[in-house]
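A.B. asks: So I've got this file, structure.csv, and it contains CSV, C-alpha atoms:
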```csv
chain,number,residue,atom,x,y,z
A,258,MET,CA,-43.5,-40.3,38.4
A,259,LEU,CA,-40.5,-40.0,36.1
A,260,SER,CA,-40.1,-36.3,36.8
A,261,SER,CA,-39.3,-37.0,40.4
A,262,LEU,CA,-37.5,-40.3,39.7
A,263,PHE,CA,-34.9,-38.6,37.5
A,264,GLY,CA,-34.4,-35.5,39.6
A,265,GLU,CA,-34.3,-31.9,38.2
A,266,LEU,CA,-35.6,-32.3,34.6
A,267,ARG,CA,-36.9,-29.4,32.7
A,268,SER,CA,-40.3,-30.0,31.0
A,269,LEU,CA,-40.8,-29.2,27.3
A,270,ARG,CA,-42.7,-25.9,26.7
A,271,THR,CA,-45.5,-26.5,24.2
A,272,ILE,CA,-48.5,-24.4,23.1
A,273,ARG,CA,-51.8,-25.0,24.8
A,274,SER,CA,-54.7,-26.2,22.8
A,275,ASP,CA,-56.5,-22.8,23.0
A,276,GLY,CA,-53.4,-21.1,21.5
A,277,HIS,CA,-52.8,-18.8,24.5
A,278,GLY,CA,-49.3,-19.2,26.0
A,279,PRO,CA,-47.2,-22.2,26.9
A,280,ASP,CA,-48.4,-25.4,28.5
A,281,ASP,CA,-46.1,-26.7,31.3
A,282,SER,CA,-48.3,-29.5,32.3
A,283,GLY,CA,-45.6,-32.2,32.0
A,284,PHE,CA,-43.3,-34.1,29.7
A,285,ALA,CA,-44.1,-34.8,26.1
A,286,ALA,CA,-45.1,-38.5,25.6
A,287,THR,CA,-43.0,-40.9,23.6
A,288,ALA,CA,-45.9,-41.5,21.2
A,289,LEU,CA,-46.1,-37.8,20.5
A,290,MET,CA,-42.4,-37.5,19.9
A,291,GLU,CA,-42.4,-40.5,17.5
A,292,SER,CA,-45.4,-39.0,15.6
A,293,THR,CA,-43.3,-36.0,14.6
A,294,ALA,CA,-39.9,-37.8,14.3
A,295,THR,CA,-40.3,-38.5,10.5
A,296,GLU,CA,-40.5,-36.2,7.5
A,297,VAL,CA,-40.8,-36.6,3.7
A,298,ASN,CA,-37.7,-36.1,1.6
A,299,ASP,CA,-37.5,-34.7,-1.9
A,300,HIS,CA,-38.2,-38.1,-3.4
A,301,GLY,CA,-41.5,-38.5,-1.4
A,302,GLN,CA,-39.9,-41.0,1.0
A,303,MET,CA,-40.5,-41.1,4.8
A,304,VAL,CA,-37.2,-40.6,6.7
A,305,ASP,CA,-36.4,-40.4,10.4
A,306,SER,CA,-35.1,-36.9,11.1
A,307,HIS,CA,-33.3,-38.2,14.2
A,308,GLN,CA,-31.2,-40.8,12.4
A,309,SER,CA,-28.2,-40.1,10.1
A,310,ASP,CA,-25.5,-42.1,8.4
A,311,LEU,CA,-21.7,-41.5,8.4
A,312,VAL,CA,-19.9,-43.5,5.7
A,313,VAL,CA,-16.5,-44.6,7.0
A,314,THR,CA,-13.4,-45.1,5.0
A,315,GLY,CA,-10.5,-46.4,7.0
A,316,SER,CA,-10.7,-46.1,10.8
A,317,ALA,CA,-14.1,-45.9,12.4
A,318,ALA,CA,-12.7,-44.3,15.6
A,319,GLN,CA,-10.8,-41.7,13.6
A,320,ALA,CA,-14.0,-41.0,11.6
A,321,ILE,CA,-15.8,-40.1,14.8
A,322,ARG,CA,-12.9,-37.8,15.9
A,323,ASP,CA,-13.0,-36.0,12.5
A,324,HIS,CA,-16.8,-35.8,12.6
A,325,PHE,CA,-16.7,-34.1,16.0
A,326,ALA,CA,-14.0,-31.7,14.9
A,327,THR,CA,-16.0,-30.5,11.9
A,328,THR,CA,-19.5,-30.4,13.6
A,329,ARG,CA,-18.8,-29.2,17.1
A,330,ALA,CA,-17.4,-25.7,17.6
A,331,ASP,CA,-17.3,-26.3,21.4
A,332,LEU,CA,-15.1,-29.4,21.2
A,333,ASP,CA,-12.3,-28.1,23.4
A,334,SER,CA,-14.6,-26.2,25.9
A,335,ALA,CA,-17.6,-28.5,26.3
A,336,LYS,CA,-18.2,-29.3,29.9
A,337,ARG,CA,-21.6,-31.1,29.8
A,338,GLN,CA,-21.0,-34.4,28.0
A,339,ILE,CA,-21.4,-37.9,29.6
A,340,THR,CA,-20.4,-41.1,27.8
A,341,LEU,CA,-21.7,-44.5,28.9
A,342,LEU,CA,-19.5,-47.5,28.4
A,343,ASP,CA,-21.4,-50.7,28.8
A,344,PRO,CA,-19.2,-53.7,27.9
A,345,THR,CA,-22.0,-56.2,28.6
A,346,GLY,CA,-24.6,-54.2,26.7
A,347,VAL,CA,-27.3,-54.3,29.5
A,348,TRP,CA,-27.9,-50.8,30.8
A,349,ALA,CA,-26.6,-48.0,28.6
A,350,ASN,CA,-29.3,-48.2,25.9
A,351,ALA,CA,-32.0,-48.5,28.5
A,352,VAL,CA,-30.8,-45.5,30.4
A,353,ILE,CA,-30.8,-43.3,27.3
A,354,LYS,CA,-34.3,-44.5,26.3
A,355,ALA,CA,-35.6,-43.9,29.8
A,356,LEU,CA,-34.1,-40.3,29.8
A,357,SER,CA,-35.7,-39.7,26.4
A,358,ASP,CA,-39.1,-41.0,27.7
A,359,ALA,CA,-38.8,-38.8,30.8
A,360,THR,CA,-37.9,-35.6,29.0
A,361,GLY,CA,-39.6,-36.0,25.6
A,362,ARG,CA,-36.2,-35.4,24.0
A,363,PRO,CA,-35.5,-37.7,21.0
A,364,VAL,CA,-32.8,-40.3,20.9
A,365,GLU,CA,-30.6,-39.2,18.0
A,366,LYS,CA,-28.7,-42.0,16.2
A,367,LEU,CA,-25.6,-41.8,14.0
A,368,HIS,CA,-25.0,-45.0,12.0
A,369,LEU,CA,-21.3,-45.6,11.1
A,370,ARG,CA,-21.4,-47.5,7.8
A,371,GLU,CA,-18.5,-49.1,5.9
A,372,GLN,CA,-18.0,-47.7,2.5
A,373,GLY,CA,-18.7,-50.3,-0.2
A,374,THR,CA,-20.7,-52.8,1.8
A,375,LEU,CA,-22.7,-50.2,3.8
A,376,ARG,CA,-22.7,-52.6,6.7
A,377,THR,CA,-23.2,-51.0,10.1
A,378,LEU,CA,-20.0,-50.8,12.1
A,379,ALA,CA,-21.5,-49.0,15.1
A,380,VAL,CA,-24.5,-47.0,16.2
A,381,ILE,CA,-24.0,-43.9,18.3
A,382,GLU,CA,-27.0,-42.9,20.4
A,383,ARG,CA,-27.4,-39.4,22.0
A,384,THR,CA,-30.0,-37.7,24.0
A,385,THR,CA,-30.0,-34.4,25.9
A,386,LEU,CA,-31.1,-33.4,29.4
A,387,ALA,CA,-32.0,-29.9,30.4
A,388,ARG,CA,-31.5,-29.1,34.1
A,389,ARG,CA,-32.6,-26.0,36.0
A,390,ASN,CA,-30.0,-23.2,35.9
A,391,GLU,CA,-27.4,-25.4,34.2
A,392,ASP,CA,-26.3,-26.0,30.6
A,393,THR,CA,-27.9,-28.9,28.7
A,394,VAL,CA,-26.2,-32.2,29.4
A,395,ARG,CA,-25.5,-34.6,26.4
A,396,ILE,CA,-25.5,-38.3,27.1
A,397,TYR,CA,-23.7,-40.6,24.5
A,398,HIS,CA,-23.5,-44.3,24.0
A,399,ALA,CA,-21.9,-46.3,21.2
A,400,ASP,CA,-23.2,-49.8,20.3
A,401,VAL,CA,-20.5,-51.6,18.3
A,402,ARG,CA,-22.0,-53.9,15.7
A,403,ALA,CA,-18.9,-55.2,13.9
A,404,PRO,CA,-15.8,-57.1,15.2
A,405,GLY,CA,-12.3,-55.7,15.1
A,406,ASP,CA,-10.1,-53.7,17.4
A,407,ASP,CA,-10.6,-50.5,15.5
A,408,ASN,CA,-14.4,-50.8,15.7
A,409,ALA,CA,-14.1,-51.5,19.5
A,410,ALA,CA,-12.2,-48.2,19.8
A,411,VAL,CA,-15.3,-46.2,18.7
A,412,PRO,CA,-16.6,-45.9,22.3
A,413,LEU,CA,-13.1,-44.8,23.4
A,414,ALA,CA,-13.2,-42.0,20.8
A,415,LEU,CA,-16.5,-40.8,22.3
A,416,MET,CA,-15.0,-40.9,25.8
A,417,GLU,CA,-12.0,-38.7,24.9
A,418,ARG,CA,-13.9,-35.4,24.8
A,419,SER,CA,-16.5,-36.2,27.5
A,420,HIS,CA,-16.6,-34.5,30.8
A,421,MET,CA,-17.3,-37.8,32.6
A,422,THR,CA,-17.2,-41.4,31.4
A,423,ALA,CA,-19.3,-44.0,33.3
A,424,VAL,CA,-18.1,-47.6,32.9
A,425,ILE,CA,-21.0,-49.8,33.8
A,426,VAL,CA,-19.5,-53.2,34.8
A,427,GLY,CA,-21.9,-56.1,34.7
A,428,ALA,CA,-21.3,-59.9,34.9
A,429,MET,CA,-17.8,-60.2,33.4
A,430,SER,CA,-15.0,-62.7,33.6
A,431,PRO,CA,-11.6,-61.8,35.1
A,432,HIS,CA,-10.1,-62.1,31.6
A,433,ALA,CA,-12.7,-59.7,30.2
A,434,ILE,CA,-12.1,-57.2,33.1
A,435,ASP,CA,-8.3,-57.3,32.3
A,436,ASP,CA,-9.0,-56.6,28.6
A,437,MET,CA,-11.3,-53.8,29.4
A,438,LEU,CA,-8.8,-52.1,31.8
A,439,ALA,CA,-6.0,-52.6,29.2
A,440,GLY,CA,-8.2,-50.8,26.6
A,441,LEU,CA,-8.9,-48.0,29.0
A,442,GLN,CA,-5.2,-47.6,29.8
A,443,ARG,CA,-4.5,-47.2,26.1
A,444,ALA,CA,-7.4,-44.7,25.8
A,445,VAL,CA,-6.3,-42.4,28.6
A,446,ALA,CA,-2.7,-42.4,27.2
A,447,HIS,CA,-4.0,-41.2,23.8
A,448,PRO,CA,-3.0,-37.6,22.9
A,449,ASN,CA,-6.7,-36.7,22.2
A,450,TRP,CA,-7.9,-37.7,25.8
A,451,ARG,CA,-9.5,-34.8,27.6
A,452,CYS,CA,-12.0,-36.5,30.0
A,453,PRO,CA,-11.2,-35.6,33.6
A,454,THR,CA,-13.4,-38.1,35.4
A,455,LEU,CA,-13.6,-41.9,35.0
A,456,LEU,CA,-16.4,-43.5,37.0
A,457,PHE,CA,-16.6,-47.3,37.5
A,458,MET,CA,-20.0,-48.6,38.5
A,459,LEU,CA,-19.5,-52.0,40.0
A,460,PRO,CA,-22.0,-54.5,41.4
A,461,PRO,CA,-22.1,-55.0,45.2
A,462,ASN,CA,-19.2,-57.0,46.8
A,463,ALA,CA,-17.0,-56.7,43.6
A,464,VAL,CA,-14.0,-56.0,45.7
A,465,TRP,CA,-11.7,-58.0,43.4
A,466,ILE,CA,-12.6,-55.6,40.5
A,467,ALA,CA,-12.1,-52.5,42.7
A,468,ASN,CA,-8.7,-54.0,43.6
A,469,LYS,CA,-7.7,-54.4,39.9
A,470,ILE,CA,-8.9,-50.8,39.1
A,471,ALA,CA,-6.9,-49.4,42.1
A,472,MET,CA,-3.7,-51.2,41.0
A,473,GLN,CA,-3.7,-49.6,37.5
A,474,GLU,CA,-1.3,-46.8,36.8
A,475,TRP,CA,-3.8,-44.0,35.9
A,476,PRO,CA,-2.6,-40.5,34.9
A,477,GLY,CA,-2.4,-38.0,37.7
A,478,ALA,CA,-4.8,-35.6,36.1
A,479,LEU,CA,-7.6,-38.2,35.9
A,480,ARG,CA,-10.1,-38.6,38.7
A,481,VAL,CA,-11.0,-42.3,39.0
A,482,GLN,CA,-14.2,-42.9,41.0
A,483,ILE,CA,-15.5,-46.4,42.1
A,484,LEU,CA,-19.1,-46.9,43.0
A,485,ASN,CA,-20.5,-50.2,44.4
A,486,GLU,CA,-24.3,-50.3,44.2
A,487,ALA,CA,-27.0,-52.7,43.1
A,488,LEU,CA,-27.9,-52.0,39.4
A,489,THR,CA,-31.5,-53.2,39.3
A,490,SER,CA,-33.1,-50.8,36.7
A,491,ALA,CA,-32.3,-48.0,34.3
A,492,SER,CA,-33.5,-45.4,36.8
A,493,ALA,CA,-31.2,-46.9,39.5
A,494,VAL,CA,-28.2,-46.7,37.2
A,495,TRP,CA,-29.0,-43.1,36.2
A,496,ASN,CA,-29.6,-41.9,39.8
A,497,SER,CA,-26.3,-43.5,41.0
A,498,LEU,CA,-24.5,-41.9,38.0
A,499,LEU,CA,-26.2,-38.5,38.6
A,500,SER,CA,-25.1,-38.4,42.3
A,501,ILE,CA,-21.4,-38.6,41.2
A,502,TRP,CA,-22.0,-36.2,38.3
A,503,ASN,CA,-23.3,-33.6,40.8
A,504,HIS,CA,-19.9,-33.8,42.6
A,505,VAL,CA,-17.6,-33.8,39.6
A,506,LYS,CA,-19.3,-31.5,37.1
A,507,GLY,CA,-17.3,-28.6,38.2
A,508,VAL,CA,-13.9,-30.4,37.7
A,509,PRO,CA,-11.9,-28.5,35.1
A,510,THR,CA,-11.2,-30.2,31.8
A,511,TRP,CA,-8.0,-32.1,31.1
A,512,GLN,CA,-4.9,-30.0,31.0
A,513,PRO,CA,-1.7,-30.9,29.2
A,514,ARG,CA,0.7,-32.8,31.4
A,515,GLN,CA,3.4,-30.6,32.9
A,516,ALA,CA,7.0,-31.6,33.4
A,517,PRO,CA,7.6,-33.4,36.8
A,518,ASN,CA,9.1,-31.5,39.7
A,519,ALA,CA,12.8,-32.2,40.0
A,520,HIS,CA,12.2,-33.0,43.7
A,521,GLY,CA,8.9,-34.9,43.2
A,522,LEU,CA,8.1,-38.5,43.3
A,523,GLU,CA,7.4,-39.0,39.5
A,524,GLY,CA,10.6,-40.9,39.1
A,525,PHE,CA,9.6,-43.9,41.2
A,526,PRO,CA,8.5,-47.0,39.2
A,527,ILE,CA,5.2,-47.2,41.1
A,528,LYS,CA,3.0,-44.2,41.5
A,529,VAL,CA,0.9,-44.7,44.6
A,530,ALA,CA,-1.7,-41.9,44.1
A,531,ASP,CA,-2.2,-38.5,42.8
A,532,PHE,CA,-0.1,-36.6,45.4
A,533,ALA,CA,-1.2,-33.2,44.1
A,534,ARG,CA,-4.7,-34.0,45.5
A,535,MET,CA,-3.6,-35.6,48.7
A,536,PRO,CA,-4.3,-33.7,51.9
A,537,GLU,CA,-1.6,-32.1,53.8
A,538,PRO,CA,0.2,-34.6,56.0
A,539,ARG,CA,-0.7,-34.4,59.6
A,540,PRO,CA,1.9,-34.3,62.4
A,541,ARG,CA,2.7,-37.9,63.5
A,542,SER,CA,3.8,-39.0,66.9
A,543,PRO,CA,7.1,-40.9,67.0
A,544,LEU,CA,6.8,-44.6,66.2
A,545,ASP,CA,8.4,-47.0,68.6
A,546,PRO,CA,10.6,-49.4,66.7
A,547,LYS,CA,10.1,-52.0,69.4
A,548,ALA,CA,6.3,-51.7,69.1
A,549,THR,CA,6.7,-52.1,65.3
A,550,ALA,CA,8.7,-55.3,65.7
A,551,ARG,CA,6.2,-56.6,68.2
A,552,ALA,CA,3.3,-56.0,65.8
A,553,LEU,CA,5.0,-57.8,62.9
A,554,SER,CA,5.9,-60.6,65.3
A,555,ILE,CA,2.2,-61.0,66.2
A,556,LEU,CA,1.3,-61.3,62.5
A,557,SER,CA,4.2,-63.6,61.7
A,558,GLY,CA,2.5,-66.3,63.8
A,559,VAL,CA,-0.6,-66.3,61.6
A,560,GLU,CA,-0.9,-69.6,59.8
A,561,GLY,CA,-0.7,-69.2,56.0
A,562,LEU,CA,1.0,-65.8,56.2
A,563,LEU,CA,3.1,-65.0,53.1
A,564,GLY,CA,4.2,-61.6,54.2
A,565,CYS,CA,3.3,-58.5,56.2
A,566,ALA,CA,4.4,-54.9,56.5
A,567,LEU,CA,3.8,-51.5,58.1
A,568,VAL,CA,3.2,-49.1,55.2
A,569,ASP,CA,3.2,-45.4,54.8
A,570,ALA,CA,-0.2,-44.7,53.2
A,571,ASP,CA,1.0,-41.4,51.5
A,572,THR,CA,3.9,-42.9,49.6
A,573,GLY,CA,3.3,-46.6,49.6
A,574,PHE,CA,6.7,-47.3,51.1
A,575,ALA,CA,7.1,-50.3,53.5
A,576,LEU,CA,8.6,-48.9,56.7
A,577,ALA,CA,9.1,-52.4,58.1
A,578,ARG,CA,8.4,-55.8,56.7
A,579,HIS,CA,8.4,-59.5,57.4
A,580,GLY,CA,8.2,-62.0,54.4
A,581,ARG,CA,8.2,-65.7,54.2
A,582,VAL,CA,7.7,-66.4,50.5
A,583,GLY,CA,9.2,-64.5,47.5
A,584,PRO,CA,11.7,-61.7,47.3
A,585,PRO,CA,11.2,-58.5,49.3
A,586,GLU,CA,10.5,-56.6,46.1
A,587,GLN,CA,7.2,-58.5,45.6
A,588,LEU,CA,6.1,-57.4,49.1
A,589,ASP,CA,7.1,-53.8,48.4
A,590,ARG,CA,5.1,-53.7,45.2
A,591,ALA,CA,2.1,-55.3,46.9
A,592,ALA,CA,2.3,-52.8,49.7
A,593,ALA,CA,2.5,-49.8,47.3
A,594,ALA,CA,-0.6,-51.2,45.3
A,595,SER,CA,-2.5,-51.6,48.6
A,596,ALA,CA,-1.8,-47.9,49.5
A,597,ARG,CA,-3.5,-47.0,46.3
A,598,LEU,CA,-6.4,-49.3,47.1
A,599,LEU,CA,-6.8,-47.7,50.6
A,600,HIS,CA,-6.7,-44.3,49.0
A,601,ALA,CA,-9.4,-45.2,46.5
A,602,HIS,CA,-11.7,-46.5,49.3
A,603,ARG,CA,-11.1,-43.3,51.3
A,604,GLN,CA,-11.9,-41.2,48.3
A,605,ALA,CA,-15.1,-43.2,47.6
A,606,ALA,CA,-16.1,-42.7,51.3
A,607,ALA,CA,-15.5,-39.0,51.0
A,608,ASP,CA,-17.5,-38.8,47.7
A,609,LEU,CA,-20.4,-40.6,49.4
A,610,ALA,CA,-20.2,-38.2,52.4
A,611,LEU,CA,-19.6,-41.1,54.8
A,612,ALA,CA,-18.4,-39.8,58.2
A,613,ASP,CA,-16.9,-43.1,59.3
A,614,HIS,CA,-13.2,-43.8,58.9
A,615,VAL,CA,-12.1,-46.7,56.7
A,616,ASP,CA,-10.7,-49.1,59.3
A,617,GLU,CA,-10.2,-52.3,57.3
A,618,VAL,CA,-10.1,-53.4,53.6
A,619,MET,CA,-10.0,-57.0,52.5
A,620,SER,CA,-9.7,-58.3,49.0
A,621,SER,CA,-9.4,-61.8,47.6
A,622,ALA,CA,-7.9,-62.7,44.2
A,623,GLY,CA,-6.8,-66.2,43.1
A,624,ASP,CA,-5.2,-68.0,46.0
A,625,ARG,CA,-4.5,-65.0,48.1
A,626,HIS,CA,-6.1,-62.7,50.7
A,627,HIS,CA,-4.9,-59.1,51.1
A,628,LEU,CA,-5.8,-57.5,54.5
A,629,LEU,CA,-5.3,-53.8,55.2
A,630,ARG,CA,-5.9,-52.1,58.6
A,631,SER,CA,-5.4,-48.5,59.4
A,632,VAL,CA,-3.4,-47.6,62.5
A,633,ALA,CA,-5.6,-45.5,64.7
A,634,HIS,CA,-2.8,-43.7,66.6
A,635,HIS,CA,-0.8,-43.1,63.4
A,636,PRO,CA,-3.4,-42.1,60.7
A,637,GLY,CA,-0.9,-42.0,57.9
A,638,LEU,CA,0.1,-45.7,58.4
A,639,PHE,CA,-1.5,-49.0,57.9
A,640,LEU,CA,-0.7,-52.7,58.5
A,641,PHE,CA,-0.8,-55.0,55.5
A,642,ALA,CA,-0.8,-58.8,55.3
A,643,VAL,CA,-0.7,-61.2,52.4
A,644,LEU,CA,-2.2,-64.6,53.2
A,645,ASP,CA,-2.5,-68.0,51.5
A,646,ARG,CA,-6.2,-68.5,50.9
A,647,GLN,CA,-6.1,-72.2,51.3
A,648,HIS,CA,-4.2,-72.3,54.6
A,649,THR,CA,-5.5,-69.3,56.5
A,650,ASN,CA,-8.3,-68.9,59.0
A,651,LEU,CA,-9.5,-65.5,57.8
A,652,ALA,CA,-11.4,-64.7,61.0
A,653,LEU,CA,-8.3,-65.4,63.1
A,654,ALA,CA,-6.1,-63.4,60.8
A,655,ARG,CA,-8.3,-60.4,61.1
A,656,TYR,CA,-8.3,-60.7,64.9
A,657,LYS,CA,-4.5,-60.9,64.9
A,658,LEU,CA,-4.3,-57.9,62.6
A,659,MET,CA,-6.5,-55.9,65.0
A,660,GLU,CA,-4.3,-57.0,67.9
A,661,ALA,CA,-1.2,-55.9,66.1
A,662,GLU,CA,-2.7,-52.5,65.3
A,663,GLN,CA,-3.7,-51.9,68.9
A,664,GLY,CA,-0.1,-52.7,69.9
A,665,LEU,CA,1.0,-49.7,67.9
```
Could you take the file, read its structure, and then write that structure out as structure tokens?

C.D. replies:
Amino acid sequence: MLSSLFGELRSLRTIRSDGHGPDDSGFAATALMESTATEVNDHGQMVDSHQSDLVVTGSAAQAIRDHFATTRADLDSAKRQITLLDPTGVWANAVIKALSDATGRPVEKLHLREQGTLRTLAVIERTTLARRNEDTVRIYHADVRAPGDDNAAVPLALMERSHMTAVIVGAMSPHAIDDMLAGLQRAVAHPNWRCPTLLFMLPPNAVWIANKIAMQEWPGALRVQILNEALTSASAVWNSLLSIWNHVKGVPTWQPRQAPNAHGLEGFPIKVADFARMPEPRPRSPLDPKATARALSILSGVEGLLGCALVDADTGFALARHGRVGPPEQLDRAAAASARLLHAHRQAAADLALADHVDEVMSSAGDRHHLLRSVAHHPGLFLFAVLDRQHTNLALARYKLMEAEQGL
């Protein structure tokens, strides 16, 4: 069952009982693996050959970097490493164990121990996955056991040289989400960062988390993927992760950042999207200024409206706006962030091979609703409205937004 559940897994080649040739009847059982996982050392003691210790002096995260630098000759060219970041500690360990059970490959563990006390700071787990006609994939996970910012950076040190990092977001408070994103922002800005793909696995209907992710200023060379699916079992988590891996495994590794083009958009305070990967702009029909004014007039009559705008999806610039509360700069920043959110949804739809166009995006955070609606006759534009959550009839606001869009 597990061989089909986990897709293309290569079975272990063992010798048949009669001694004639390999036996490809299936995966090695966990019990068999455990029976050969120990050996006797020079002192006659039984030791686990799949566990080792690394005594740490100073920074635990730097110890991992130094350990990789001295033990991995392929550190700068490896393209088959996946790191699982699991802030709630629910799925990563179970995924690695399930893969080990399915393939018969052991779970190797590296214990980071503090010098002097020998207490465990973190445990790094790794298993390997052989796929047909492909290089072996290594899957890592770090279980942090001791408090402190430096110990919390151990998973980030693993992520730096991965080919894909999967962030499995479980039940977390808004404050914890903010702390996690702040830590990831520091990680991707580190000089050692080489991971080209960052995948966020969110629970269903977690639009507010997707909104926060899309509003972050990620480096242009980093591919940020967002996946909303029900995480009900270790196999479901792995199958969802594997579907994204099959799309991004050919992405080249991180390249040093080049100087910005003198005529580019890097100088703007808000970077809307990775313009190097944006499709070529399509020819647009002229936009009637009177129709634009009419559309914003329709939206201005919505009860609880704080501001609305017609926005260029490629640049995030508000071509026309109407605001009731706050300075115009706040509406401009919200419009630019919403352009990134719309781009993220379109990218996710493309990654999932969805043929349907993203017509509308709605997000709620705090006391506000944000509504976005693509303009059918002007594909590069969208209407954007900020609404007071306590004083707005959301269904009526969506109807008015559709009416305004049809007027364009």

A.B. asks: May I ask which of the residues A:Gly346, A:Pro476, A:Gly623, A:Pro412 is the closest one to Asp645 of chain A, counting all atoms listed in the file?

C.D. replies: A:Gly623

A.B. asks: So, with all atoms listed in the file as the atoms that count, which of A:Lys366, A:Leu311, A:Glu382, A:Ala355 lies closest to Leu341 of chain A?

C.D. replies: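 Selected residue with least distance to Leu341 of chain A: A:Glu382.
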
A.B. asks: Please provide the set of residues having any atom within 8 Å of Val643 of chain A, restricted to only C-alpha atoms, with same-chain residues fewer than 6 positions apart removed, written as a list of chain:residue names.

C.D. replies: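 What passes the distance filter is A:Leu562, A:Leu563, A:Gly564, A:Cys565, A:Arg625, A:His626, A:His627, A:Leu628.
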
A.B. asks: Find the spatial neighbours of Trp495 of chain A, counting all atoms listed in the file, within a cut-off of 9 Å - ignore same-chain residues fewer than 5 positions away - and output them as a ChimeraX atom specification.

C.D. replies: /A:263,352,356,490,500

A.B. asks: Considering all atoms listed in the file, can you say which of A:Asn468, A:Thr374, A:Gln604, A:Ser497 comes closest to Thr314 of chain A?

C.D. replies: A:Thr374

A.B. asks: To one decimal place, how far is atom CA of His602 of chain A from atom CA of Met421 of chain A in Å?

C.D. replies: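 Interatomic distance, atom CA of His602 of chain A to atom CA of Met421 of chain A: 19.6 Å.
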
A.B. asks: Mind giving me the straight-line distance from atom CA of Ala575 of chain A to atom CA of Ser557 of chain A in Å, one decimal?

C.D. replies: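 Rounded to one decimal, the two atoms are 15.9 Å apart.
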